[in-house]
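Asker: Here it is, the structure, as structure tokens.
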Amino acid sequence: MAPRLRLLDIACFERLMPFTHAFRFGAVSVTAAPQAFVRVTAEVEGHGIATGAAAEMMMPKWFDKNPAKSPADTIDDLRAGLTRAAAVYRDARGFDTAFGHHARTVGATAQDAAPALVRGYGPAVIDKAILDALFKALGVDAATGLRRNLPGLDARLTPDIEAGRIDDFLAGLAPRAEVALRWTVGLGDDLAELPGEIARSSLRYLKLKLGGDVAQDRARLAEIAGIMARAGTITGVTLDANEQYDLPGLAALVEALTSDAALAPLRERLMYVEQPLDRATTLAHDLGDVAEGMAFIIDEADGTYDAFPQAMARGYRGVSSKACKGLYKSLLNAVRARALNEAAGRPGHCFLSGEDLTCQAGLGVQQDTALVALLGLGHVERNGHHYVDGFGPAPAEEAEAFAAAHPDLYEERGGRLRLATGSGALATRSLFRVPGLAGGAEPIWGSLARLTSQSILEGQTS
């Protein structure tokens, strides 16, 4: 039986992370964004009191792309959602399993007016901190804790899953020793720099952003296909439309990918296309013939626990895993994918992908990478380190503590501690050698600002 715990305190903080160069979200370029930090103190029945921690970036204009809202507005909405979720968790007062606390909060916030991904952000961060505290109290690492289903994960939020399948899936978790990097090539990136980055980071995988204009995307993809052919090292490619296409445009794109000889080096390595349609209409439209020879996945449309099975009914084959959308959701979607594949006798047909560009050094990148490794995914979108100088404004002692806990994950380069990416992969073994959820160290809490409703993004966008 999963242990129960009582939440004694939840404290929320933030730290502004300046970027070394602008990050483009559609028509908006962002030069800084805050990272949220959560500290949970919990009493675990029979095991005393422990503290857990988690971190996630609060990126503007992804959780909510409402054009009427500024980037700063969308960050303030994430702050409000995190604050609201923390209040619901605190109100529980009594003992429950970690997943029980999560399920209660999801139910209590389901009718909130915020978009689904915004509603889900607060629980996603807090759940990680709760698990960190739980596993520390029990003296186990993340792999052991999940294999034993210490969170008490069950099917109450996913009635389409047979309850026994969850325990069976978790019992078989075996984290990968390393996860390859999939490098995002943004619409604002200079393609002249791509060959150097491929060589410098020994890249084998690329993720290419699409803009929604077939002619422009076709020309840009042809240029990248030429770079890939000359590099000779890229074995896998994914495309991310970020909701920019409609069905006729998507059909034209698929036709170009299929018939254009200039795109052949890319098409031969294409694994899937991510979130082609607007999230508001994704689950209302069948992909039809465009999905016959190509795999499509949802990302921004994955706002609720029933989104993945709904997408499957529309012709999609996969869904992204992102810790900022919820660790529990990723695990349960993986159970679904396995069950569907077994029922159809088609191994690998339904799948999860690892997607999260923005994870930063420390708790954020460690906890999401641990999740990806546990899911058995061979590669993950992971080049948020490209936008921040090492640990950014974190105190040197904080960076040194994380590097000491995970010497295979960090290295000193250019006078700063940074993710060790030169091999084209992130080492994960040390993430499962520490009690808790892949932490091994904590932020220096006194260096952080208390989470407030005041925007600290003003002047950081254009």
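FYI, nothing fancy with the structure tokens labels: chains A, B, ... in order, residues from 1 per chain, ligands from 1 as they appear.
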Using only C-alpha atoms, what does the table of stretch 327-389 of chain A residues within 10 Å of stretch 127-145 of chain A look like, with each row giving the shortest atom pair and its distance in Å to one decimal, sorted by chain and ascending number, as a tab-separated table?
Answerer:
residue	atom	partner	partner_atom	distance
A:Leu327	CA	A:Lys128	CA	7.4
A:Tyr328	CA	A:Asp127	CA	8.5
A:Leu363	CA	A:Lys128	CA	10.0
A:Gln367	CA	A:Lys128	CA	8.0
A:Asp368	CA	A:Lys128	CA	9.8
A:Ala370	CA	A:Ala142	CA	8.0
A:Leu371	CA	A:Ala142	CA	8.9
A:Ala373	CA	A:Ala143	CA	9.6
A:Leu374	CA	A:Ala143	CA	7.0
Asker: Quick one: residues within 8 Å of A:Pro123, only C-alpha atoms, excluding same-chain residues fewer than 2 positions away - as a ChimeraX atom specification?
Answerer: /A:82,85-86,102,105-106,119-121,125-127,326
Asker: For the selection you just gave me, I'd like the residues written to a file as a PDB file, in the first residue's frame, keeping C-alpha atoms.
Answerer:
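Saved result, out_38.pdb, follows:
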ATOM      1  CA  LEU A  82       0.595  28.073  -9.073  1.00  0.00           C
ATOM      2  CA  ALA A  85      -2.891  25.138  -6.692  1.00  0.00           C
ATOM      3  CA  ALA A  86      -0.705  25.617  -3.620  1.00  0.00           C
ATOM      4  CA  HIS A 102      -2.971  15.445  -6.913  1.00  0.00           C
ATOM      5  CA  THR A 105      -6.476  19.279  -6.646  1.00  0.00           C
ATOM      6  CA  VAL A 106      -7.246  18.435 -10.277  1.00  0.00           C
ATOM      7  CA  ARG A 119      -4.457  25.057 -14.683  1.00  0.00           C
ATOM      8  CA  GLY A 120      -2.158  22.070 -14.924  1.00  0.00           C
ATOM      9  CA  TYR A 121       1.098  23.945 -14.420  1.00  0.00           C
ATOM     10  CA  VAL A 125       5.411  21.643 -10.223  1.00  0.00           C
ATOM     11  CA  ILE A 126       4.011  20.961  -6.752  1.00  0.00           C
ATOM     12  CA  ASP A 127       3.600  17.231  -7.439  1.00  0.00           C
ATOM     13  CA  GLY A 326       2.482  16.712 -15.219  1.00  0.00           C
TER      14      GLY A 326
END
Asker: How many Å lie between atom CA of A:Asp168 and atom CA of A:Leu352, rounded to one decimal?
Answerer: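 Computed distance, atom CA of A:Asp168 to atom CA of A:Leu352, equals 17.9 Å.
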Asker: Just how far from atom CA of A:Gly362 is atom CA of A:Gly439, in Å to one decimal?
Answerer: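 Taking atom CA of A:Gly439 and atom CA of A:Gly362, their separation equals 7.8 Å.
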Asker: Let's see if you can do this: from backbone DSSP, list all alpha helix (DSSP H) residues in stretch 135-330 of chain A, as a PDB file with N, CA and C atoms, in the first residue's frame.
Answerer:
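Output file out38.pdb is given in full below:
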ATOM      1  N   PHE A 135       9.962  10.559  -1.429  1.00  0.00           N
ATOM      2  CA  PHE A 135      11.061   9.622  -1.667  1.00  0.00           C
ATOM      3  C   PHE A 135      12.216   9.859  -0.693  1.00  0.00           C
ATOM      4  N   LYS A 136      12.467  11.101  -0.340  1.00  0.00           N
ATOM      5  CA  LYS A 136      13.517  11.376   0.651  1.00  0.00           C
ATOM      6  C   LYS A 136      13.154  10.789   2.007  1.00  0.00           C
ATOM      7  N   ALA A 137      11.907  10.938   2.411  1.00  0.00           N
ATOM      8  CA  ALA A 137      11.479  10.404   3.706  1.00  0.00           C
ATOM      9  C   ALA A 137      11.650   8.891   3.757  1.00  0.00           C
ATOM     10  N   LEU A 138      11.458   8.241   2.609  1.00  0.00           N
ATOM     11  CA  LEU A 138      11.561   6.784   2.547  1.00  0.00           C
ATOM     12  C   LEU A 138      12.959   6.315   2.160  1.00  0.00           C
ATOM     13  N   ALA A 142      14.213   7.964  -7.377  1.00  0.00           N
ATOM     14  CA  ALA A 142      12.985   8.098  -8.172  1.00  0.00           C
ATOM     15  C   ALA A 142      12.592   6.788  -8.848  1.00  0.00           C
ATOM     16  N   ALA A 143      13.567   6.050  -9.374  1.00  0.00           N
ATOM     17  CA  ALA A 143      13.233   4.794 -10.053  1.00  0.00           C
ATOM     18  C   ALA A 143      12.640   3.784  -9.075  1.00  0.00           C
ATOM     19  N   THR A 144      13.267   3.643  -7.902  1.00  0.00           N
ATOM     20  CA  THR A 144      12.753   2.704  -6.894  1.00  0.00           C
ATOM     21  C   THR A 144      11.375   3.135  -6.412  1.00  0.00           C
ATOM     22  N   GLY A 145      11.223   4.428  -6.150  1.00  0.00           N
ATOM     23  CA  GLY A 145       9.941   4.924  -5.654  1.00  0.00           C
ATOM     24  C   GLY A 145       8.804   4.708  -6.618  1.00  0.00           C
ATOM     25  N   LEU A 146       9.067   4.898  -7.916  1.00  0.00           N
ATOM     26  CA  LEU A 146       8.014   4.701  -8.902  1.00  0.00           C
ATOM     27  C   LEU A 146       7.780   3.225  -9.189  1.00  0.00           C
ATOM     28  N   ARG A 147       8.835   2.427  -9.215  1.00  0.00           N
ATOM     29  CA  ARG A 147       8.636   0.985  -9.422  1.00  0.00           C
ATOM     30  C   ARG A 147       7.743   0.383  -8.331  1.00  0.00           C
ATOM     31  N   ALA A 163      -6.815  -0.924 -13.958  1.00  0.00           N
ATOM     32  CA  ALA A 163      -6.009  -0.542 -12.791  1.00  0.00           C
ATOM     33  C   ALA A 163      -4.734  -1.370 -12.668  1.00  0.00           C
ATOM     34  N   GLY A 164      -4.830  -2.670 -12.934  1.00  0.00           N
ATOM     35  CA  GLY A 164      -3.660  -3.528 -12.782  1.00  0.00           C
ATOM     36  C   GLY A 164      -2.534  -3.187 -13.731  1.00  0.00           C
ATOM     37  N   ARG A 165      -2.861  -2.590 -14.872  1.00  0.00           N
ATOM     38  CA  ARG A 165      -1.825  -2.233 -15.843  1.00  0.00           C
ATOM     39  C   ARG A 165      -0.877  -1.170 -15.298  1.00  0.00           C
ATOM     40  N   ILE A 166      -1.373  -0.294 -14.432  1.00  0.00           N
ATOM     41  CA  ILE A 166      -0.529   0.775 -13.898  1.00  0.00           C
ATOM     42  C   ILE A 166       0.593   0.193 -13.050  1.00  0.00           C
ATOM     43  N   ASP A 167       0.243  -0.679 -12.106  1.00  0.00           N
ATOM     44  CA  ASP A 167       1.272  -1.298 -11.268  1.00  0.00           C
ATOM     45  C   ASP A 167       2.235  -2.133 -12.107  1.00  0.00           C
ATOM     46  N   ASP A 168       1.728  -2.849 -13.093  1.00  0.00           N
ATOM     47  CA  ASP A 168       2.590  -3.663 -13.947  1.00  0.00           C
ATOM     48  C   ASP A 168       3.586  -2.787 -14.719  1.00  0.00           C
ATOM     49  N   PHE A 169       3.081  -1.676 -15.250  1.00  0.00           N
ATOM     50  CA  PHE A 169       3.957  -0.777 -16.004  1.00  0.00           C
ATOM     51  C   PHE A 169       5.041  -0.195 -15.102  1.00  0.00           C
ATOM     52  N   LEU A 170       4.635   0.320 -13.947  1.00  0.00           N
ATOM     53  CA  LEU A 170       5.598   0.942 -13.046  1.00  0.00           C
ATOM     54  C   LEU A 170       6.638  -0.063 -12.564  1.00  0.00           C
ATOM     55  N   ALA A 171       6.218  -1.278 -12.289  1.00  0.00           N
ATOM     56  CA  ALA A 171       7.152  -2.291 -11.789  1.00  0.00           C
ATOM     57  C   ALA A 171       8.259  -2.590 -12.790  1.00  0.00           C
ATOM     58  N   LEU A 194      24.125  26.273 -37.790  1.00  0.00           N
ATOM     59  CA  LEU A 194      23.714  24.908 -37.492  1.00  0.00           C
ATOM     60  C   LEU A 194      24.817  23.866 -37.708  1.00  0.00           C
ATOM     61  N   PRO A 195      25.589  23.907 -38.795  1.00  0.00           N
ATOM     62  CA  PRO A 195      26.649  22.899 -38.951  1.00  0.00           C
ATOM     63  C   PRO A 195      27.634  22.895 -37.782  1.00  0.00           C
ATOM     64  N   GLY A 196      27.991  24.075 -37.294  1.00  0.00           N
ATOM     65  CA  GLY A 196      28.901  24.154 -36.154  1.00  0.00           C
ATOM     66  C   GLY A 196      28.301  23.552 -34.901  1.00  0.00           C
ATOM     67  N   GLU A 197      26.989  23.775 -34.697  1.00  0.00           N
ATOM     68  CA  GLU A 197      26.327  23.226 -33.508  1.00  0.00           C
ATOM     69  C   GLU A 197      26.220  21.708 -33.605  1.00  0.00           C
ATOM     70  N   ILE A 198      25.947  21.196 -34.794  1.00  0.00           N
ATOM     71  CA  ILE A 198      25.881  19.750 -34.980  1.00  0.00           C
ATOM     72  C   ILE A 198      27.218  19.117 -34.622  1.00  0.00           C
ATOM     73  N   ALA A 199      28.304  19.722 -35.073  1.00  0.00           N
ATOM     74  CA  ALA A 199      29.635  19.180 -34.785  1.00  0.00           C
ATOM     75  C   ALA A 199      30.011  19.361 -33.321  1.00  0.00           C
ATOM     76  N   ARG A 200      29.735  20.536 -32.770  1.00  0.00           N
ATOM     77  CA  ARG A 200      30.144  20.855 -31.403  1.00  0.00           C
ATOM     78  C   ARG A 200      29.449  19.963 -30.376  1.00  0.00           C
ATOM     79  N   VAL A 214       3.437  27.098 -46.249  1.00  0.00           N
ATOM     80  CA  VAL A 214       4.001  25.909 -46.887  1.00  0.00           C
ATOM     81  C   VAL A 214       5.229  26.252 -47.727  1.00  0.00           C
ATOM     82  N   ALA A 215       5.145  27.296 -48.530  1.00  0.00           N
ATOM     83  CA  ALA A 215       6.263  27.639 -49.409  1.00  0.00           C
ATOM     84  C   ALA A 215       7.506  28.007 -48.597  1.00  0.00           C
ATOM     85  N   GLN A 216       7.319  28.842 -47.585  1.00  0.00           N
ATOM     86  CA  GLN A 216       8.462  29.247 -46.763  1.00  0.00           C
ATOM     87  C   GLN A 216       9.027  28.066 -45.976  1.00  0.00           C
ATOM     88  N   ASP A 217       8.152  27.259 -45.409  1.00  0.00           N
ATOM     89  CA  ASP A 217       8.625  26.099 -44.659  1.00  0.00           C
ATOM     90  C   ASP A 217       9.356  25.120 -45.575  1.00  0.00           C
ATOM     91  N   ARG A 218       8.814  24.946 -46.779  1.00  0.00           N
ATOM     92  CA  ARG A 218       9.434  24.022 -47.734  1.00  0.00           C
ATOM     93  C   ARG A 218      10.851  24.483 -48.080  1.00  0.00           C
ATOM     94  N   ALA A 219      11.023  25.757 -48.343  1.00  0.00           N
ATOM     95  CA  ALA A 219      12.349  26.280 -48.707  1.00  0.00           C
ATOM     96  C   ALA A 219      13.325  26.151 -47.541  1.00  0.00           C
ATOM     97  N   ARG A 220      12.850  26.449 -46.359  1.00  0.00           N
ATOM     98  CA  ARG A 220      13.729  26.376 -45.185  1.00  0.00           C
ATOM     99  C   ARG A 220      14.102  24.928 -44.877  1.00  0.00           C
ATOM    100  N   LEU A 221      13.142  24.026 -44.979  1.00  0.00           N
ATOM    101  CA  LEU A 221      13.425  22.612 -44.733  1.00  0.00           C
ATOM    102  C   LEU A 221      14.395  22.056 -45.770  1.00  0.00           C
ATOM    103  N   ALA A 222      14.290  22.526 -47.011  1.00  0.00           N
ATOM    104  CA  ALA A 222      15.225  22.072 -48.042  1.00  0.00           C
ATOM    105  C   ALA A 222      16.648  22.507 -47.697  1.00  0.00           C
ATOM    106  N   GLU A 223      16.794  23.718 -47.179  1.00  0.00           N
ATOM    107  CA  GLU A 223      18.125  24.198 -46.781  1.00  0.00           C
ATOM    108  C   GLU A 223      18.677  23.352 -45.628  1.00  0.00           C
ATOM    109  N   ILE A 224      17.812  23.033 -44.674  1.00  0.00           N
ATOM    110  CA  ILE A 224      18.254  22.213 -43.542  1.00  0.00           C
ATOM    111  C   ILE A 224      18.562  20.791 -43.996  1.00  0.00           C
ATOM    112  N   ALA A 225      17.778  20.264 -44.930  1.00  0.00           N
ATOM    113  CA  ALA A 225      18.043  18.923 -45.455  1.00  0.00           C
ATOM    114  C   ALA A 225      19.426  18.860 -46.078  1.00  0.00           C
ATOM    115  N   GLY A 226      19.819  19.933 -46.765  1.00  0.00           N
ATOM    116  CA  GLY A 226      21.158  19.983 -47.346  1.00  0.00           C
ATOM    117  C   GLY A 226      22.238  19.991 -46.275  1.00  0.00           C
ATOM    118  N   ILE A 227      22.005  20.738 -45.190  1.00  0.00           N
ATOM    119  CA  ILE A 227      22.957  20.769 -44.073  1.00  0.00           C
ATOM    120  C   ILE A 227      23.080  19.382 -43.450  1.00  0.00           C
ATOM    121  N   MET A 228      21.944  18.706 -43.276  1.00  0.00           N
ATOM    122  CA  MET A 228      21.955  17.366 -42.704  1.00  0.00           C
ATOM    123  C   MET A 228      22.740  16.394 -43.583  1.00  0.00           C
ATOM    124  N   ALA A 229      22.501  16.481 -44.885  1.00  0.00           N
ATOM    125  CA  ALA A 229      23.186  15.563 -45.803  1.00  0.00           C
ATOM    126  C   ALA A 229      24.692  15.768 -45.748  1.00  0.00           C
ATOM    127  N   ARG A 230      25.123  17.020 -45.644  1.00  0.00           N
ATOM    128  CA  ARG A 230      26.565  17.288 -45.593  1.00  0.00           C
ATOM    129  C   ARG A 230      27.164  16.868 -44.257  1.00  0.00           C
ATOM    130  N   ALA A 231      26.399  17.039 -43.174  1.00  0.00           N
ATOM    131  CA  ALA A 231      26.912  16.659 -41.854  1.00  0.00           C
ATOM    132  C   ALA A 231      27.073  15.156 -41.742  1.00  0.00           C
ATOM    133  N   LEU A 247      -5.865  22.128 -41.911  1.00  0.00           N
ATOM    134  CA  LEU A 247      -5.824  20.829 -42.585  1.00  0.00           C
ATOM    135  C   LEU A 247      -5.396  20.919 -44.056  1.00  0.00           C
ATOM    136  N   PRO A 248      -5.907  21.884 -44.851  1.00  0.00           N
ATOM    137  CA  PRO A 248      -5.433  21.974 -46.245  1.00  0.00           C
ATOM    138  C   PRO A 248      -3.937  22.278 -46.320  1.00  0.00           C
ATOM    139  N   GLY A 249      -3.475  23.180 -45.476  1.00  0.00           N
ATOM    140  CA  GLY A 249      -2.052  23.495 -45.477  1.00  0.00           C
ATOM    141  C   GLY A 249      -1.216  22.301 -45.062  1.00  0.00           C
ATOM    142  N   LEU A 250      -1.723  21.541 -44.088  1.00  0.00           N
ATOM    143  CA  LEU A 250      -1.002  20.363 -43.627  1.00  0.00           C
ATOM    144  C   LEU A 250      -0.913  19.319 -44.739  1.00  0.00           C
ATOM    145  N   ALA A 251      -1.990  19.160 -45.481  1.00  0.00           N
ATOM    146  CA  ALA A 251      -1.966  18.219 -46.603  1.00  0.00           C
ATOM    147  C   ALA A 251      -0.920  18.644 -47.632  1.00  0.00           C
ATOM    148  N   ALA A 252      -0.817  19.941 -47.882  1.00  0.00           N
ATOM    149  CA  ALA A 252       0.183  20.438 -48.831  1.00  0.00           C
ATOM    150  C   ALA A 252       1.597  20.206 -48.310  1.00  0.00           C
ATOM    151  N   LEU A 253       1.789  20.372 -47.013  1.00  0.00           N
ATOM    152  CA  LEU A 253       3.104  20.125 -46.424  1.00  0.00           C
ATOM    153  C   LEU A 253       3.486  18.657 -46.550  1.00  0.00           C
ATOM    154  N   VAL A 254       2.539  17.772 -46.243  1.00  0.00           N
ATOM    155  CA  VAL A 254       2.805  16.332 -46.349  1.00  0.00           C
ATOM    156  C   VAL A 254       3.135  15.958 -47.787  1.00  0.00           C
ATOM    157  N   GLU A 255       2.429  16.542 -48.748  1.00  0.00           N
ATOM    158  CA  GLU A 255       2.716  16.287 -50.160  1.00  0.00           C
ATOM    159  C   GLU A 255       4.135  16.725 -50.505  1.00  0.00           C
ATOM    160  N   ALA A 256       4.543  17.891 -50.007  1.00  0.00           N
ATOM    161  CA  ALA A 256       5.898  18.376 -50.278  1.00  0.00           C
ATOM    162  C   ALA A 256       6.940  17.443 -49.664  1.00  0.00           C
ATOM    163  N   LEU A 257       6.701  17.006 -48.454  1.00  0.00           N
ATOM    164  CA  LEU A 257       7.645  16.110 -47.786  1.00  0.00           C
ATOM    165  C   LEU A 257       7.760  14.781 -48.527  1.00  0.00           C
ATOM    166  N   THR A 258       6.665  14.374 -49.135  1.00  0.00           N
ATOM    167  CA  THR A 258       6.632  13.079 -49.818  1.00  0.00           C
ATOM    168  C   THR A 258       7.255  13.135 -51.206  1.00  0.00           C
ATOM    169  N   SER A 259       7.069  14.264 -51.909  1.00  0.00           N
ATOM    170  CA  SER A 259       7.428  14.300 -53.330  1.00  0.00           C
ATOM    171  C   SER A 259       8.645  15.143 -53.670  1.00  0.00           C
ATOM    172  N   ALA A 264      14.249  14.913 -49.440  1.00  0.00           N
ATOM    173  CA  ALA A 264      14.421  13.476 -49.220  1.00  0.00           C
ATOM    174  C   ALA A 264      15.314  13.153 -48.013  1.00  0.00           C
ATOM    175  N   PRO A 265      16.471  13.851 -47.826  1.00  0.00           N
ATOM    176  CA  PRO A 265      17.298  13.524 -46.654  1.00  0.00           C
ATOM    177  C   PRO A 265      16.564  13.733 -45.333  1.00  0.00           C
ATOM    178  N   LEU A 266      15.627  14.669 -45.342  1.00  0.00           N
ATOM    179  CA  LEU A 266      14.840  14.933 -44.138  1.00  0.00           C
ATOM    180  C   LEU A 266      13.721  13.906 -43.997  1.00  0.00           C
ATOM    181  N   ARG A 267      13.000  13.663 -45.087  1.00  0.00           N
ATOM    182  CA  ARG A 267      11.863  12.730 -45.034  1.00  0.00           C
ATOM    183  C   ARG A 267      12.313  11.339 -44.602  1.00  0.00           C
ATOM    184  N   ARG A 279      -4.689  24.190 -30.861  1.00  0.00           N
ATOM    185  CA  ARG A 279      -5.132  23.316 -29.760  1.00  0.00           C
ATOM    186  C   ARG A 279      -6.652  23.333 -29.577  1.00  0.00           C
ATOM    187  N   ALA A 280      -7.281  24.452 -29.903  1.00  0.00           N
ATOM    188  CA  ALA A 280      -8.718  24.571 -29.685  1.00  0.00           C
ATOM    189  C   ALA A 280      -9.526  23.701 -30.638  1.00  0.00           C
ATOM    190  N   THR A 281      -8.931  23.356 -31.785  1.00  0.00           N
ATOM    191  CA  THR A 281      -9.671  22.574 -32.782  1.00  0.00           C
ATOM    192  C   THR A 281      -9.073  21.188 -33.019  1.00  0.00           C
ATOM    193  N   THR A 282      -7.946  20.889 -32.402  1.00  0.00           N
ATOM    194  CA  THR A 282      -7.249  19.623 -32.662  1.00  0.00           C
ATOM    195  C   THR A 282      -8.154  18.417 -32.475  1.00  0.00           C
ATOM    196  N   ALA A 307      -7.162  13.825 -23.142  1.00  0.00           N
ATOM    197  CA  ALA A 307      -6.787  14.375 -24.446  1.00  0.00           C
ATOM    198  C   ALA A 307      -6.127  13.335 -25.346  1.00  0.00           C
ATOM    199  N   PHE A 308      -5.223  12.522 -24.798  1.00  0.00           N
ATOM    200  CA  PHE A 308      -4.509  11.547 -25.627  1.00  0.00           C
ATOM    201  C   PHE A 308      -5.462  10.545 -26.280  1.00  0.00           C
ATOM    202  N   PRO A 309      -6.357   9.876 -25.547  1.00  0.00           N
ATOM    203  CA  PRO A 309      -7.262   8.953 -26.237  1.00  0.00           C
ATOM    204  C   PRO A 309      -8.172   9.650 -27.241  1.00  0.00           C
ATOM    205  N   GLN A 310      -8.569  10.885 -26.962  1.00  0.00           N
ATOM    206  CA  GLN A 310      -9.364  11.618 -27.944  1.00  0.00           C
ATOM    207  C   GLN A 310      -8.560  11.876 -29.217  1.00  0.00           C
ATOM    208  N   ALA A 311      -7.287  12.220 -29.042  1.00  0.00           N
ATOM    209  CA  ALA A 311      -6.429  12.477 -30.204  1.00  0.00           C
ATOM    210  C   ALA A 311      -6.214  11.210 -31.018  1.00  0.00           C
ATOM    211  N   MET A 312      -6.076  10.088 -30.322  1.00  0.00           N
ATOM    212  CA  MET A 312      -5.907   8.818 -31.021  1.00  0.00           C
ATOM    213  C   MET A 312      -7.093   8.548 -31.941  1.00  0.00           C
ATOM    214  N   ALA A 313      -8.274   8.897 -31.483  1.00  0.00           N
ATOM    215  CA  ALA A 313      -9.474   8.678 -32.290  1.00  0.00           C
ATOM    216  C   ALA A 313      -9.502   9.584 -33.512  1.00  0.00           C
ATOM    217  N   LEU A 327       3.960  15.014 -14.377  1.00  0.00           N
ATOM    218  CA  LEU A 327       4.653  13.725 -14.369  1.00  0.00           C
ATOM    219  C   LEU A 327       3.661  12.569 -14.375  1.00  0.00           C
ATOM    220  N   TYR A 328       2.592  12.686 -13.597  1.00  0.00           N
ATOM    221  CA  TYR A 328       1.605  11.605 -13.544  1.00  0.00           C
ATOM    222  C   TYR A 328       0.932  11.398 -14.894  1.00  0.00           C
ATOM    223  N   LYS A 329       0.647  12.487 -15.588  1.00  0.00           N
ATOM    224  CA  LYS A 329       0.001  12.366 -16.896  1.00  0.00           C
ATOM    225  C   LYS A 329       0.913  11.627 -17.872  1.00  0.00           C
ATOM    226  N   SER A 330       2.210  11.928 -17.843  1.00  0.00           N
ATOM    227  CA  SER A 330       3.146  11.238 -18.722  1.00  0.00           C
ATOM    228  C   SER A 330       3.157   9.745 -18.435  1.00  0.00           C
TER     229      SER A 330
END
Asker: Measuring between only C-alpha atoms, which one of A:Ile444, A:Leu357, A:Ala399, A:Ala36 shows the shortest distance to A:Gly81?
Answerer: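 Smallest distance to A:Gly81 is found for A:Ala36.
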Asker: What are the nearest atom pairs, with distances in Å to one decimal, for all residues of stretch 73-116 of chain A that come at most 9 Å from stretch 6-20 of chain A, using only C-alpha atoms, set out by chain and rising residue number as a tab-separated table?
Answerer:
residue	atom	partner	partner_atom	distance
A:Leu82	CA	A:Cys12	CA	8.0
A:Thr83	CA	A:Cys12	CA	7.7
A:Ala86	CA	A:Ile10	CA	6.4
A:Ala87	CA	A:Ile10	CA	8.4
A:Tyr89	CA	A:Leu7	CA	7.4
A:Arg90	CA	A:Leu7	CA	6.3
A:Asp91	CA	A:Leu7	CA	8.9
A:Ala92	CA	A:Leu7	CA	7.6
A:Arg93	CA	A:Arg6	CA	6.4
A:Gly94	CA	A:Arg6	CA	5.7
A:Phe95	CA	A:Arg6	CA	4.5
A:Asp96	CA	A:Arg6	CA	6.7
A:Thr97	CA	A:Arg6	CA	8.6
Asker: Suppose we keep N, CA and C atoms; can you now write the selection as an mmCIF file, in the first residue's frame?
Answerer:
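Final file, part20.cif:
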data_model
loop_
_atom_site.group_PDB
_atom_site.id
_atom_site.type_symbol
_atom_site.label_atom_id
_atom_site.label_comp_id
_atom_site.auth_asym_id
_atom_site.auth_seq_id
_atom_site.Cartn_x
_atom_site.Cartn_y
_atom_site.Cartn_z
ATOM 1 N N LEU A 82 -0.247 28.752 -10.055
ATOM 2 C CA LEU A 82 0.595 28.073 -9.073
ATOM 3 C C LEU A 82 0.160 28.426 -7.660
ATOM 4 N N THR A 83 -0.151 29.688 -7.436
ATOM 5 C CA THR A 83 -0.621 30.123 -6.120
ATOM 6 C C THR A 83 -1.939 29.458 -5.752
ATOM 7 N N ALA A 86 -1.331 25.758 -4.934
ATOM 8 C CA ALA A 86 -0.705 25.617 -3.620
ATOM 9 C C ALA A 86 -1.747 25.746 -2.515
ATOM 10 N N ALA A 87 -2.696 26.662 -2.680
ATOM 11 C CA ALA A 87 -3.744 26.845 -1.675
ATOM 12 C C ALA A 87 -4.625 25.606 -1.564
ATOM 13 N N TYR A 89 -3.782 22.464 -2.328
ATOM 14 C CA TYR A 89 -2.998 21.412 -1.674
ATOM 15 C C TYR A 89 -2.925 21.644 -0.170
ATOM 16 N N ARG A 90 -2.690 22.881 0.248
ATOM 17 C CA ARG A 90 -2.584 23.188 1.685
ATOM 18 C C ARG A 90 -3.892 22.897 2.405
ATOM 19 N N ASP A 91 -5.003 23.135 1.732
ATOM 20 C CA ASP A 91 -6.310 22.960 2.364
ATOM 21 C C ASP A 91 -6.639 21.497 2.662
ATOM 22 N N ALA A 92 -5.870 20.581 2.097
ATOM 23 C CA ALA A 92 -6.157 19.163 2.312
ATOM 24 C C ALA A 92 -6.067 18.791 3.786
ATOM 25 N N ARG A 93 -5.045 19.298 4.472
ATOM 26 C CA ARG A 93 -4.849 19.124 5.920
ATOM 27 C C ARG A 93 -4.625 17.669 6.336
ATOM 28 N N GLY A 94 -5.411 16.743 5.854
ATOM 29 C CA GLY A 94 -5.286 15.358 6.297
ATOM 30 C C GLY A 94 -4.264 14.575 5.493
ATOM 31 N N PHE A 95 -4.123 13.283 5.842
ATOM 32 C CA PHE A 95 -3.185 12.396 5.165
ATOM 33 C C PHE A 95 -3.833 11.799 3.916
ATOM 34 N N ASP A 96 -3.045 11.657 2.880
ATOM 35 C CA ASP A 96 -3.471 10.992 1.651
ATOM 36 C C ASP A 96 -2.208 10.566 0.909
ATOM 37 N N THR A 97 -2.375 9.736 -0.123
ATOM 38 C CA THR A 97 -1.235 9.400 -0.968
ATOM 39 C C THR A 97 -0.832 10.629 -1.781
#
Asker: Atom CA of A:Arg382 to atom CA of A:Gln244: how many Å, to one decimal?
Answerer: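 Going from atom CA of A:Arg382 over to atom CA of A:Gln244, I get 21.8 Å.
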Asker: With stretch 53-74 of chain A as the partner and 7 Å as the cut-off, tabulate the residues of stretch 331-393 of chain A that qualify, each row holding the nearest pair of atoms and their distance in Å to one decimal, using only C-alpha atoms, sorted by chain and rising number, as a Markdown table.
Answerer:
| residue | atom | partner | partner_atom | distance |
| --- | --- | --- | --- | --- |
| A:Thr358 | CA | A:Met57 | CA | 6.7 |
| A:Cys359 | CA | A:Met57 | CA | 6.7 |
| A:Leu363 | CA | A:Ala55 | CA | 5.6 |
| A:Gly364 | CA | A:Ala55 | CA | 4.9 |
Asker: So that I have them on file, write out the residues from the current selection with C-alpha atoms, as an mmCIF file, in the first residue's frame.
Answerer:
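The file below, selection-v8.cif, is the result:
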data_model
loop_
_atom_site.group_PDB
_atom_site.id
_atom_site.type_symbol
_atom_site.label_atom_id
_atom_site.label_comp_id
_atom_site.auth_asym_id
_atom_site.auth_seq_id
_atom_site.Cartn_x
_atom_site.Cartn_y
_atom_site.Cartn_z
ATOM 1 C CA THR A 358 13.141 25.343 -21.819
ATOM 2 C CA CYS A 359 14.454 23.174 -18.936
ATOM 3 C CA LEU A 363 16.200 20.771 -10.630
ATOM 4 C CA GLY A 364 14.305 21.584 -13.829
#
